[in-house]
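These notes concern the structure reproduced below.
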Amino acid sequence: MNEERNGGADQIEGHLRQLFQDAGYESKELLDWAKQYGRLLQENERLKQELRKLAAPKKGSDPFSTRLRDALRE
């Protein structure tokens with residue numbers, strides 16, 4: 001999944017390079033942006049995975065305690 005998300009950034013960078021080649025000039029700022037975009041996508045995916053791991057129910061947790069907490073809240 002991570003490769004697919006980064007593939008979008010790689011495609012953007014590749015398309016930019018092709019456009020620059022066709023136009024006869026290159027914008028370093030846009031290429032830097034494309035690389036930074038790829039890094040941000042990777043970091044976003046890493047944070048999503050960490051969040052899923054932290055939000056997942058812990059093994060061996062007692063469902064009764066959850067029901068008890070819910071009852072106490074009411």
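In the structure tokens, each chain is lettered A, B, ... as it comes, each chain's residues begin at 1, and ligands are numbered from 1 in order of appearance.
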- request: Write out as number ranges by chain all residues of region 35-73 of chain A that backbone DSSP assigns to helix (DSSP H, G or I).
  value: A: 35-55, 63-73
Region 26-33 of chain A environment, 10 Å, only C-alpha atoms, sequence neighbours closer than 6 positions dropped, as a PyMOL selection string:
chain A and resi 9+12-14+16-20+39
Taking N, CA and C atoms for each residue, export the selection above as a PDB file, in the first residue's frame.
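This went into selection03.pdb:
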```
ATOM      1  N   ALA A   9       3.508  10.098  -6.015  1.00  0.00           N
ATOM      2  CA  ALA A   9       4.510  11.160  -5.942  1.00  0.00           C
ATOM      3  C   ALA A   9       5.589  10.934  -6.992  1.00  0.00           C
ATOM      4  N   ILE A  12       4.216  12.013 -10.297  1.00  0.00           N
ATOM      5  CA  ILE A  12       4.198  13.473 -10.415  1.00  0.00           C
ATOM      6  C   ILE A  12       5.585  13.975 -10.783  1.00  0.00           C
ATOM      7  N   GLU A  13       6.591  13.468 -10.075  1.00  0.00           N
ATOM      8  CA  GLU A  13       7.961  13.897 -10.367  1.00  0.00           C
ATOM      9  C   GLU A  13       8.348  13.530 -11.800  1.00  0.00           C
ATOM     10  N   GLY A  14       7.982  12.334 -12.231  1.00  0.00           N
ATOM     11  CA  GLY A  14       8.288  11.910 -13.592  1.00  0.00           C
ATOM     12  C   GLY A  14       7.599  12.772 -14.633  1.00  0.00           C
ATOM     13  N   LEU A  16       6.595  15.872 -14.197  1.00  0.00           N
ATOM     14  CA  LEU A  16       7.225  17.192 -14.171  1.00  0.00           C
ATOM     15  C   LEU A  16       8.522  17.188 -14.975  1.00  0.00           C
ATOM     16  N   ARG A  17       9.335  16.144 -14.777  1.00  0.00           N
ATOM     17  CA  ARG A  17      10.589  16.055 -15.532  1.00  0.00           C
ATOM     18  C   ARG A  17      10.315  16.021 -17.034  1.00  0.00           C
ATOM     19  N   GLN A  18       9.292  15.268 -17.447  1.00  0.00           N
ATOM     20  CA  GLN A  18       8.953  15.190 -18.865  1.00  0.00           C
ATOM     21  C   GLN A  18       8.490  16.551 -19.384  1.00  0.00           C
ATOM     22  N   LEU A  19       7.665  17.234 -18.613  1.00  0.00           N
ATOM     23  CA  LEU A  19       7.217  18.569 -19.020  1.00  0.00           C
ATOM     24  C   LEU A  19       8.391  19.533 -19.143  1.00  0.00           C
ATOM     25  N   PHE A  20       9.307  19.460 -18.184  1.00  0.00           N
ATOM     26  CA  PHE A  20      10.471  20.336 -18.230  1.00  0.00           C
ATOM     27  C   PHE A  20      11.341  20.026 -19.447  1.00  0.00           C
ATOM     28  N   ARG A  39       7.714  12.509   0.465  1.00  0.00           N
ATOM     29  CA  ARG A  39       8.104  12.272   1.862  1.00  0.00           C
ATOM     30  C   ARG A  39       6.913  12.461   2.799  1.00  0.00           C
TER      31      ARG A  39
END
```
From CA of Arg69 (chain A) to CA of Gln49 (chain A) the spacing works out at 27.3 Å
One decimal place gives the CA of Arg46 (chain A)-CA of Ala34 (chain A) separation as 18.6 Å
Please compute the CA of Arg67 (chain A)-CA of Ala55 (chain A) distance, one decimal, in Å.
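Pair CA of Arg67 (chain A) / CA of Ala55 (chain A) returns 17.7 Å.
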